[in-house]
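Q: Data: entry_22.txt, compact mmCIF, C-alpha atoms and all ligand atoms.
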```txt
# COMPACT_ATOMS: atom_id res chain seq x y z
CA MET A 1337 47.49 -74.74 -88.12
CA LEU A 1338 48.32 -71.19 -89.25
CA GLY A 1339 47.43 -69.76 -85.87
CA ASN A 1340 50.31 -71.56 -84.18
CA PHE A 1341 53.24 -70.35 -86.25
CA SER A 1342 55.97 -68.62 -84.29
CA ALA A 1343 56.07 -64.88 -83.76
CA SER A 1344 58.70 -64.32 -86.44
CA ALA A 1345 57.86 -67.09 -88.93
CA SER A 1346 56.77 -66.51 -92.49
CA VAL A 1347 53.16 -67.07 -93.40
CA PRO A 1348 52.93 -70.44 -95.25
CA ARG A 1349 51.86 -69.71 -98.81
CA ARG A 1350 48.99 -72.20 -98.86
CA ASP A 1351 47.50 -70.86 -95.64
CA GLY A 1352 47.97 -67.26 -96.71
CA ALA A 1353 46.20 -68.02 -99.99
CA ARG A 1354 43.27 -69.62 -98.13
CA LEU A 1355 43.03 -66.58 -95.85
CA ALA A 1356 43.11 -64.25 -98.87
CA ARG A 1357 40.34 -66.14 -100.70
CA ALA A 1358 38.07 -66.15 -97.64
CA LEU A 1359 38.64 -62.48 -96.86
CA VAL A 1360 38.24 -61.16 -100.41
CA ARG A 1361 35.07 -63.26 -100.91
CA TRP A 1362 33.69 -61.78 -97.70
CA PHE A 1363 34.64 -58.27 -98.90
CA HIS A 1364 32.79 -58.66 -102.18
CA GLU A 1365 29.66 -59.77 -100.34
CA HIS A 1366 29.71 -57.30 -97.43
CA ARG A 1367 31.60 -54.17 -98.43
CA ARG A 1368 29.92 -50.82 -98.04
CA ARG A 1369 28.99 -49.03 -101.25
CA LEU A 1370 31.02 -45.85 -100.91
CA PRO A 1371 31.28 -43.18 -103.60
CA PHE A 1372 35.08 -43.28 -103.79
CA ARG A 1373 34.98 -47.06 -104.28
CA GLU A 1374 32.43 -46.95 -107.08
CA ASP A 1375 34.54 -44.45 -109.02
CA PRO A 1376 38.23 -45.36 -108.55
CA ASP A 1377 39.55 -41.99 -109.69
CA PRO A 1378 43.01 -41.38 -108.12
CA TRP A 1379 42.22 -37.83 -106.98
CA ARG A 1380 38.99 -38.92 -105.27
CA ILE A 1381 40.72 -41.87 -103.63
CA LEU A 1382 43.50 -39.60 -102.39
CA VAL A 1383 40.98 -37.10 -100.95
CA SER A 1384 38.94 -39.86 -99.30
CA GLU A 1385 42.01 -41.48 -97.74
CA VAL A 1386 43.30 -38.19 -96.36
CA MET A 1387 39.88 -37.38 -94.90
CA LEU A 1388 39.46 -40.88 -93.46
CA GLN A 1389 42.64 -40.48 -91.45
CA GLN A 1390 40.88 -38.05 -89.19
CA THR A 1391 37.22 -39.00 -89.13
CA ARG A 1392 34.82 -41.91 -89.47
CA VAL A 1393 33.23 -42.75 -92.81
CA GLU A 1394 29.73 -41.65 -91.75
CA ALA A 1395 30.92 -38.20 -90.63
CA MET A 1396 33.30 -37.82 -93.55
CA LEU A 1397 30.89 -38.62 -96.41
CA PRO A 1398 28.99 -35.30 -96.56
CA ARG A 1399 32.29 -33.39 -96.40
CA TYR A 1400 33.80 -35.61 -99.07
CA ARG A 1401 30.83 -35.10 -101.42
CA GLY A 1402 30.93 -31.33 -100.97
CA PHE A 1403 34.70 -31.24 -101.44
CA VAL A 1404 34.85 -33.27 -104.69
CA ALA A 1405 31.84 -31.42 -106.10
CA ARG A 1406 33.78 -28.18 -105.62
CA PHE A 1407 37.22 -29.59 -106.49
CA PRO A 1408 36.63 -32.50 -108.89
CA ASP A 1409 40.32 -32.87 -109.72
CA ALA A 1410 43.75 -31.93 -108.42
CA GLY A 1411 43.98 -29.00 -110.85
CA SER A 1412 40.86 -27.27 -109.52
CA PHE A 1413 42.10 -27.62 -105.92
CA ALA A 1414 45.56 -26.38 -106.88
CA GLU A 1415 43.97 -23.23 -108.33
CA ALA A 1416 42.18 -22.44 -105.05
CA SER A 1417 43.89 -19.95 -102.77
CA ALA A 1418 45.55 -21.23 -99.58
CA ASP A 1419 42.65 -19.71 -97.59
CA GLU A 1420 40.01 -21.42 -99.72
CA ALA A 1421 41.87 -24.72 -99.33
CA VAL A 1422 41.82 -24.50 -95.55
CA ALA A 1423 38.23 -23.19 -95.46
CA SER A 1424 37.10 -26.16 -97.57
CA TRP A 1425 38.42 -28.43 -94.83
CA SER A 1426 36.23 -26.76 -92.23
CA GLY A 1427 34.76 -29.21 -89.74
CA LEU A 1428 37.36 -31.90 -90.43
CA GLY A 1429 40.10 -30.49 -88.16
CA TYR A 1430 43.82 -31.15 -88.74
CA TYR A 1431 44.17 -28.21 -91.11
CA ARG A 1432 47.80 -29.12 -91.68
CA ARG A 1433 46.49 -31.94 -93.87
CA ALA A 1434 44.45 -29.50 -95.98
CA ARG A 1435 47.52 -27.34 -96.52
CA ALA A 1436 49.63 -30.38 -97.46
CA LEU A 1437 46.92 -31.70 -99.83
CA HIS A 1438 46.79 -28.28 -101.44
CA ARG A 1439 50.54 -28.39 -102.09
CA ALA A 1440 50.26 -31.99 -103.32
CA ALA A 1441 47.51 -30.92 -105.75
CA GLY A 1442 49.88 -28.29 -107.13
CA GLU A 1443 52.58 -30.94 -107.71
CA ILE A 1444 50.08 -33.30 -109.33
CA SER A 1445 48.77 -30.65 -111.70
CA ARG A 1446 52.33 -29.76 -112.74
CA GLN A 1447 53.80 -33.28 -113.05
CA GLY A 1448 50.85 -35.63 -113.44
CA PHE A 1449 49.48 -38.12 -110.92
CA PRO A 1450 52.21 -40.45 -109.57
CA ARG A 1451 51.22 -44.07 -110.22
CA THR A 1452 53.45 -45.80 -107.67
CA GLU A 1453 53.73 -45.88 -103.90
CA ALA A 1454 57.22 -44.36 -104.12
CA GLY A 1455 56.01 -41.55 -106.40
CA LEU A 1456 53.05 -40.78 -104.15
CA ARG A 1457 55.32 -40.74 -101.08
CA ALA A 1458 57.24 -37.90 -102.68
CA LEU A 1459 54.13 -35.67 -102.61
CA PRO A 1460 53.85 -33.21 -99.69
CA GLY A 1461 52.11 -34.68 -96.65
CA ILE A 1462 51.49 -38.13 -98.13
CA GLY A 1463 52.57 -40.84 -95.69
CA PRO A 1464 53.20 -44.54 -96.25
CA TYR A 1465 49.62 -45.63 -95.59
CA THR A 1466 47.98 -43.12 -97.97
CA ALA A 1467 50.58 -43.72 -100.68
CA ALA A 1468 50.06 -47.50 -100.55
CA ALA A 1469 46.26 -47.20 -100.43
CA VAL A 1470 46.13 -44.93 -103.50
CA ALA A 1471 48.79 -46.92 -105.43
CA SER A 1472 46.99 -50.20 -104.82
CA ILE A 1473 43.38 -49.05 -105.27
CA ALA A 1474 43.83 -46.65 -108.18
CA PHE A 1475 46.80 -48.22 -109.98
CA GLY A 1476 46.83 -51.89 -108.88
CA GLU A 1477 50.31 -51.84 -107.33
CA PRO A 1478 50.72 -54.84 -104.98
CA VAL A 1479 51.78 -52.90 -101.87
CA ALA A 1480 50.36 -53.26 -98.35
CA ALA A 1481 48.41 -50.31 -96.87
CA VAL A 1482 48.69 -50.59 -93.09
CA ASP A 1483 46.40 -48.44 -90.97
CA GLY A 1484 44.96 -48.92 -87.48
CA ASN A 1485 42.25 -51.29 -88.72
CA VAL A 1486 44.77 -53.50 -90.51
CA ARG A 1487 47.11 -53.54 -87.51
CA ARG A 1488 44.26 -54.65 -85.25
CA VAL A 1489 43.09 -57.44 -87.57
CA LEU A 1490 46.60 -58.81 -88.12
CA ALA A 1491 47.54 -58.54 -84.43
CA ARG A 1492 44.50 -60.59 -83.45
CA ARG A 1493 44.59 -63.03 -86.34
CA PHE A 1494 48.30 -63.82 -85.85
CA GLY A 1495 48.56 -63.21 -82.10
CA VAL A 1496 51.10 -60.39 -82.38
CA GLU A 1497 51.98 -59.14 -78.90
CA GLY A 1498 53.35 -55.87 -77.54
CA PRO A 1499 51.95 -52.34 -77.39
CA THR A 1500 50.95 -50.98 -80.78
CA ASP A 1501 53.39 -48.07 -80.58
CA ARG A 1502 56.42 -50.33 -80.03
CA ALA A 1503 58.84 -50.70 -82.94
CA SER A 1504 58.93 -54.52 -82.68
CA PHE A 1505 55.12 -54.67 -82.95
CA ARG A 1506 55.06 -52.36 -85.97
CA ARG A 1507 57.87 -54.32 -87.65
CA ARG A 1508 56.08 -57.65 -87.22
CA ILE A 1509 52.80 -56.26 -88.55
CA ARG A 1510 54.64 -54.78 -91.53
CA GLU A 1511 56.29 -58.17 -92.27
CA LEU A 1512 52.94 -59.93 -92.13
CA ALA A 1513 51.22 -57.31 -94.28
CA ASP A 1514 53.99 -57.44 -96.91
CA GLN A 1515 53.93 -61.25 -97.05
CA LEU A 1516 50.16 -61.38 -97.24
CA VAL A 1517 49.78 -58.81 -100.00
CA ARG A 1518 52.25 -60.80 -102.11
CA ILE A 1519 50.46 -64.08 -101.48
CA ALA A 1520 46.98 -62.61 -101.98
CA THR A 1521 47.82 -60.88 -105.25
CA GLN A 1522 50.29 -63.35 -106.74
CA GLY A 1523 50.04 -66.71 -104.94
CA ALA A 1524 46.31 -67.15 -104.40
CA ASP A 1525 43.94 -68.69 -106.93
CA PRO A 1526 42.13 -66.58 -107.95
CA ALA A 1527 44.62 -63.78 -107.30
CA ALA A 1528 43.11 -60.75 -105.59
CA ALA A 1529 43.36 -57.26 -107.04
CA PRO A 1530 45.80 -55.34 -104.74
CA GLY A 1531 43.18 -52.66 -104.03
CA ASP A 1532 40.55 -55.27 -103.11
CA TRP A 1533 42.96 -57.04 -100.79
CA ASN A 1534 43.89 -53.87 -98.91
CA GLN A 1535 40.30 -52.68 -98.71
CA ALA A 1536 39.14 -56.12 -97.56
CA LEU A 1537 41.51 -56.01 -94.56
CA MET A 1538 40.50 -52.42 -93.73
CA GLU A 1539 36.82 -53.18 -94.13
CA LEU A 1540 37.02 -56.21 -91.86
CA GLY A 1541 38.65 -54.00 -89.22
CA ALA A 1542 35.99 -51.33 -89.63
CA LEU A 1543 32.91 -53.60 -89.68
CA VAL A 1544 33.76 -56.89 -87.92
CA CYS A 1545 37.10 -56.86 -86.10
CA THR A 1546 36.25 -53.63 -84.31
CA PRO A 1547 38.23 -52.31 -81.32
CA ALA A 1548 35.43 -53.11 -78.85
CA ALA A 1549 33.04 -56.07 -79.15
CA PRO A 1550 34.29 -57.54 -82.44
CA ARG A 1551 31.73 -59.71 -84.25
CA CYS A 1552 33.81 -62.89 -84.33
CA ALA A 1553 30.76 -65.08 -85.04
CA GLY A 1554 30.47 -63.57 -88.53
CA CYS A 1555 34.21 -63.30 -89.24
CA PRO A 1556 35.70 -65.19 -92.18
CA LEU A 1557 39.03 -65.52 -90.29
CA ARG A 1558 37.51 -67.02 -87.14
CA GLY A 1559 38.60 -70.64 -87.74
CA ARG A 1560 42.30 -69.74 -87.60
CA CYS A 1561 42.34 -66.57 -85.56
CA VAL A 1562 44.81 -66.79 -82.65
CA ALA A 1563 43.00 -64.22 -80.49
CA PHE A 1564 39.65 -65.93 -81.01
CA LEU A 1565 40.91 -69.49 -80.49
CA GLU A 1566 42.90 -68.55 -77.39
CA GLY A 1567 40.18 -66.33 -75.88
CA ARG A 1568 42.41 -63.21 -76.10
CA VAL A 1569 40.30 -61.00 -78.32
CA ALA A 1570 39.90 -58.33 -75.64
CA GLU A 1571 43.67 -58.35 -74.94
CA LEU A 1572 44.95 -57.86 -78.47
CA PRO A 1573 46.27 -55.58 -79.73
CA GLU A 1574 47.80 -54.15 -76.57
CA ARG A 1575 47.12 -50.46 -76.07
CA PRO A 1576 50.07 -48.12 -75.63
CA GLU A 1577 50.29 -46.14 -72.42
CA ARG A 1578 48.26 -42.97 -72.80
CA ARG A 1579 49.50 -39.63 -71.64
CA ALA A 1580 46.78 -37.69 -69.88
CA PRO A 1581 45.68 -34.64 -71.91
CA VAL A 1582 46.87 -31.29 -70.57
CA ALA A 1583 44.07 -29.13 -69.15
CA VAL A 1584 44.21 -25.55 -70.48
CA ARG A 1585 41.90 -22.60 -69.67
CA LEU A 1586 41.47 -20.31 -72.64
CA ALA A 1587 39.97 -16.80 -72.54
CA THR A 1588 38.50 -15.29 -75.73
CA GLY A 1589 36.85 -11.98 -76.51
CA LEU A 1590 33.95 -11.50 -78.88
CA VAL A 1591 34.11 -7.95 -80.26
CA ARG A 1592 31.34 -6.89 -82.65
CA ASP A 1593 30.88 -3.58 -84.43
CA ARG A 1594 27.58 -1.81 -85.10
CA ARG A 1595 27.08 -3.84 -88.28
CA GLY A 1596 27.39 -7.13 -86.38
CA ARG A 1597 30.83 -7.91 -87.80
CA VAL A 1598 33.22 -9.83 -85.55
CA LEU A 1599 36.85 -8.90 -84.93
CA LEU A 1600 39.14 -11.81 -85.83
CA PHE A 1601 42.87 -12.39 -85.88
CA ARG A 1602 44.95 -14.88 -87.69
CA ARG A 1603 47.14 -17.55 -86.11
CA ARG A 1604 50.72 -17.14 -87.23
CA ARG A 1605 52.36 -20.14 -85.57
CA SER A 1606 51.33 -23.58 -84.25
CA PRO A 1607 49.62 -26.39 -86.22
CA MET A 1608 46.54 -24.11 -86.43
CA ARG A 1609 48.40 -21.36 -88.25
CA GLY A 1610 46.41 -19.60 -90.91
CA LEU A 1611 43.10 -20.06 -89.06
CA TYR A 1612 41.13 -17.04 -87.91
CA GLU A 1613 40.37 -16.85 -84.22
CA LEU A 1614 38.92 -14.55 -81.61
CA PRO A 1615 41.44 -12.48 -79.66
CA GLY A 1616 42.58 -14.09 -76.42
CA GLY A 1617 44.88 -16.77 -75.10
CA PRO A 1618 45.62 -19.19 -72.25
CA CYS A 1619 45.16 -18.24 -68.60
CA ARG A 1620 48.13 -18.40 -66.27
CA VAL A 1621 47.95 -20.40 -63.05
CA GLY A 1622 45.66 -18.57 -60.63
CA GLU A 1623 44.73 -15.92 -63.19
CA THR A 1624 41.07 -15.19 -63.92
CA PRO A 1625 39.95 -15.59 -67.56
CA ARG A 1626 38.92 -11.94 -67.62
CA LYS A 1627 42.44 -10.80 -66.66
CA ALA A 1628 44.01 -13.30 -69.06
CA LEU A 1629 41.94 -11.91 -71.93
CA THR A 1630 43.12 -8.37 -71.30
CA ARG A 1631 46.76 -9.44 -70.92
CA GLU A 1632 46.84 -11.76 -73.95
CA ALA A 1633 45.06 -9.28 -76.25
CA ARG A 1634 47.64 -6.66 -75.36
CA ALA A 1635 50.63 -9.01 -75.66
CA ARG A 1636 49.57 -10.71 -78.89
CA TYR A 1637 47.90 -7.95 -80.86
CA GLY A 1638 48.75 -4.69 -79.10
CA LEU A 1639 45.04 -4.41 -78.44
CA VAL A 1640 43.50 -2.84 -75.33
CA LEU A 1641 40.40 -4.93 -74.78
CA SER A 1642 37.71 -4.24 -72.27
CA PRO A 1643 35.92 -7.52 -71.37
CA GLY A 1644 32.17 -7.20 -70.79
CA SER A 1645 29.79 -9.92 -69.67
CA ALA A 1646 30.81 -13.57 -69.68
CA LEU A 1647 29.22 -16.09 -72.04
CA PRO A 1648 28.78 -19.75 -71.03
CA SER A 1649 32.11 -21.62 -71.03
CA PHE A 1650 32.54 -24.76 -73.11
CA ARG A 1651 34.97 -27.64 -73.61
CA HIS A 1652 37.00 -28.47 -76.66
CA THR A 1653 39.82 -30.96 -77.23
CA VAL A 1654 42.70 -30.21 -79.58
CA MET A 1655 45.31 -32.92 -79.98
CA ASP A 1656 46.66 -33.51 -76.45
CA GLN A 1657 45.01 -30.44 -74.89
CA ARG A 1658 41.68 -30.44 -73.08
CA LEU A 1659 40.54 -26.83 -73.31
CA THR A 1660 37.95 -25.05 -71.25
CA VAL A 1661 37.07 -21.93 -73.20
CA TYR A 1662 35.79 -18.79 -71.44
CA PRO A 1663 34.24 -16.40 -73.99
CA PHE A 1664 33.40 -12.79 -73.13
CA PHE A 1665 31.68 -10.02 -74.98
CA ALA A 1666 34.38 -7.38 -75.26
CA ALA A 1667 35.07 -3.98 -76.76
CA VAL A 1668 38.19 -2.35 -78.16
CA ALA A 1669 39.27 0.38 -75.79
CA GLY A 1670 42.40 1.33 -77.66
CA GLU A 1671 45.56 0.11 -79.26
CA ARG A 1672 49.08 -0.04 -77.92
CA GLY A 1673 52.29 -0.74 -79.76
CA PRO A 1674 52.25 -1.73 -83.46
CA PRO A 1675 48.91 -1.59 -85.29
CA VAL A 1676 46.71 -4.63 -84.77
CA ARG A 1677 46.26 -7.00 -87.69
CA GLY A 1678 42.66 -7.88 -87.12
CA ARG A 1679 39.84 -8.00 -89.63
CA TRP A 1680 36.17 -7.30 -89.21
CA THR A 1681 34.25 -10.28 -90.55
CA ALA A 1682 30.56 -10.37 -91.41
CA PRO A 1683 28.62 -13.49 -90.34
CA ASP A 1684 28.05 -14.55 -93.96
CA GLU A 1685 31.81 -14.45 -94.63
CA LEU A 1686 32.59 -17.01 -91.96
CA ASP A 1687 32.00 -19.99 -94.23
CA ARG A 1688 34.53 -18.66 -96.73
CA ILE A 1689 37.47 -18.06 -94.42
CA PRO A 1690 39.55 -20.65 -92.55
CA ALA A 1691 37.95 -20.72 -89.11
CA GLY A 1692 38.52 -23.24 -86.33
CA ALA A 1693 35.98 -25.04 -84.18
CA ILE A 1694 36.52 -22.83 -81.11
CA LEU A 1695 35.59 -19.71 -83.04
CA LYS A 1696 32.46 -21.37 -84.43
CA LYS A 1697 31.37 -22.69 -81.04
CA ALA A 1698 31.88 -19.31 -79.38
CA LEU A 1699 29.87 -17.56 -82.12
CA ALA A 1700 27.08 -20.14 -81.86
CA ILE A 1701 26.88 -19.57 -78.10
CA ALA A 1702 26.91 -15.80 -78.54
CA GLY A 1703 24.39 -15.93 -81.40
CA SER A 1704 21.32 -15.65 -79.24
CA GLU A 1705 22.77 -13.15 -76.79
CA SER A 1706 23.27 -9.41 -77.19
CA PRO A 1707 26.40 -7.60 -76.12
CA PRO A 1708 25.96 -5.47 -73.01
CA VAL A 1709 25.38 -1.76 -73.45
CA ASP A 1710 28.89 -0.78 -72.24
CA CYS A 1711 30.45 -2.90 -75.02
CA ARG A 1712 28.27 -1.35 -77.74
CA ALA A 1713 29.29 2.12 -76.66
CA LEU A 1714 32.98 1.31 -76.67
CA MET A 1715 32.78 -0.41 -80.04
CA SER A 1716 31.55 2.54 -82.01
CA GLY A 1717 34.24 4.00 -84.22
CA ASN A 1718 36.92 1.44 -83.34
CA THR A 1719 37.97 -0.17 -86.56
CA PRO A 1720 41.39 -1.82 -86.49
S1 LIG B 1801 37.82 -63.86 -85.28
FE1 LIG B 1801 37.34 -62.06 -84.12
S2 LIG B 1801 39.31 -61.31 -83.36
FE2 LIG B 1801 39.73 -62.78 -84.99
S3 LIG B 1801 39.98 -61.54 -86.81
FE3 LIG B 1801 37.85 -62.19 -86.73
S4 LIG B 1801 36.75 -60.53 -85.64
FE4 LIG B 1801 38.95 -60.27 -85.29
```
With the file now loaded, output its structure as structure tokens.
Ligand code: SF4
A:
Amino acid sequence: MLGNFSASASVPRRDGARLARALVRWFHEHRRRLPFREDPDPWRILVSEVMLQQTRVEAMLPRYRGFVARFPDAGSFAEASADEAVASWSGLGYYRRARALHRAAGEISRQGFPRTEAGLRALPGIGPYTAAAVASIAFGEPVAAVDGNVRRVLARRFGVEGPTDRASFRRRIRELADQLVRIATQGADPAAAPGDWNQALMELGALVCTPAAPRCAGCPLRGRCVAFLEGRVAELPERPERRAPVAVRLATGLVRDRRGRVLLFRRRRSPMRGLYELPGGPCRVGETPRKALTREARARYGLVLSPGSALPSFRHTVMDQRLTVYPFFAAVAGERGPPVRGRWTAPDELDRIPAGAILKKALAIAGSESPPVDCRALMSGNTP
């Protein structure tokens, strides 16, 4: 039985072919009708795969539709400015990916679309998974695309042990995926299209072999699945040890002028560079948010800020940081040191500039509230 082969053995060709037939048949009957599957255009597949790395299909679809309507090919995205590129990614987070995709679009429009996994890997920001997914789906190259869904399905189906971040676990999954894609696309009868095979594995992980409460009763791999047959579905794959997120208190100041424009600054470093944000920064241990706002505004922008009334605080998580954000209405009381590099931004401009989630949340909270009288007075005439 396939389920009992040793941890390092090859997948027997006949069993791999049976698995491939069952899985691809299931995929053709149950797959979701998604716009980037109905139209296998390489640019659209690339965009969808990059977006899907950071969000679920349901949340990503409206963003995807808006993005490809605005940028229907790599050339149109390459022509957008760097700011437009990042702004078009608004709501998806991980703006580094938008910047990398923008550079990749430039390469594609100059050199043509690479048709192989190796060629796609050479594009900025394109990792092994995305390269293999695009090469197999758009160009039919028989290469394995291994993402979290695929790792989970293979770990359970073949009983692969060890935490998912361990090199030995990753190596074994990679061996299995490489063997299976060869068998499915060259040794099975009928042979599967490489793109169908990869999507079938991913789709099973997304719809049936889910992280919690997998639907084993409806799974085409059930009869030979190690985790199912040995009652270890909840155990596999083993989770890596999680580091607790770092708690950070962040003070921000909302400065508006008489025309309702908001004073914003641009991040120069960190993964969020290029995004506009409200002035402010992290609080030191024991420091009040109000004091932190004054200190950070001075240190970062040479700006003498006078915090007014506090707005309701809110939570936001960025990568491994759990932020508690303390927004204040504030006014510019003066400048110190080099001139500040802020810009006054009208509310209707906010959709067109790269703006992060914290800025949008703070503005939404402030939307219904008016700045206190002392802030209005201080704001008049202060235009950085
Ligand atoms: S039988 Fe269950 S655990 Fe095994 S592959 Fe199918 S859904 Fe996953």
Q: Would you mind reading off the distance between atom CA of A:Gly1531 and atom CA of A:Ala1474, one decimal, in Å?
A: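 Rounded to one decimal, the two atoms are 7.3 Å apart.
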Q: Give me, as CSV, the closest atom pair and its distance (Å, one decimal) for every residue of chain A within a cut-off of 9 Å of ligand LIG 1801 (chain B), counting only C-alpha atoms and all ligand atoms, rows sorted by chain and rising number.
A:
```
residue,atom,partner,partner_atom,distance
A:Arg1488,CA,B:LIG1801,FE4,7.7
A:Val1489,CA,B:LIG1801,S3,5.2
A:Leu1490,CA,B:LIG1801,S3,7.3
A:Ala1491,CA,B:LIG1801,S3,8.5
A:Arg1492,CA,B:LIG1801,S2,5.2
A:Arg1493,CA,B:LIG1801,S3,4.9
A:Phe1494,CA,B:LIG1801,FE2,8.7
A:Leu1540,CA,B:LIG1801,S4,7.6
A:Gly1541,CA,B:LIG1801,FE4,7.4
A:Leu1543,CA,B:LIG1801,S4,8.9
A:Val1544,CA,B:LIG1801,S4,5.2
A:Cys1545,CA,B:LIG1801,S4,3.7
A:Thr1546,CA,B:LIG1801,S4,7.0
A:Pro1547,CA,B:LIG1801,FE4,8.9
A:Ala1549,CA,B:LIG1801,S4,8.7
A:Pro1550,CA,B:LIG1801,S4,5.0
A:Arg1551,CA,B:LIG1801,S4,5.3
A:Cys1552,CA,B:LIG1801,FE1,3.6
A:Ala1553,CA,B:LIG1801,S1,7.2
A:Gly1554,CA,B:LIG1801,S4,7.6
A:Cys1555,CA,B:LIG1801,FE3,4.6
A:Pro1556,CA,B:LIG1801,FE3,6.6
A:Leu1557,CA,B:LIG1801,FE3,5.0
A:Arg1558,CA,B:LIG1801,S1,3.7
A:Gly1559,CA,B:LIG1801,S1,7.3
A:Arg1560,CA,B:LIG1801,S1,7.7
A:Cys1561,CA,B:LIG1801,FE2,4.6
A:Val1562,CA,B:LIG1801,FE2,6.9
A:Ala1563,CA,B:LIG1801,S2,5.5
A:Phe1564,CA,B:LIG1801,FE2,5.1
A:Leu1565,CA,B:LIG1801,S1,8.0
A:Arg1568,CA,B:LIG1801,S2,8.1
A:Val1569,CA,B:LIG1801,S2,5.1
A:Ala1570,CA,B:LIG1801,S2,8.3
A:Leu1572,CA,B:LIG1801,S2,8.2
```
Q: Kindly indicate which residue among A:Leu1456, A:Val1347, A:Ala1691, A:Val1517 lies nearest to A:Ala1421, using all atoms listed in the file for the distances.
A: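 Checking each of A:Leu1456, A:Val1347, A:Ala1691, A:Val1517 against A:Ala1421, counting all atoms listed in the file, the winner is A:Ala1691.
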Q: So that I can see what lies close to stretch 1356-1365 of chain A, please list as a count of residues only the residues with an atom at most 6 Å from it, counting only C-alpha atoms and leaving out residues fewer than 2 positions away in the same chain.
A: 5
Q: Could you state the separation of atom CA of A:Gly1463 and atom CA of A:Val1496 in Å, given to one decimal place?
A: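 Distance reported for this atom pair: 23.7 Å.
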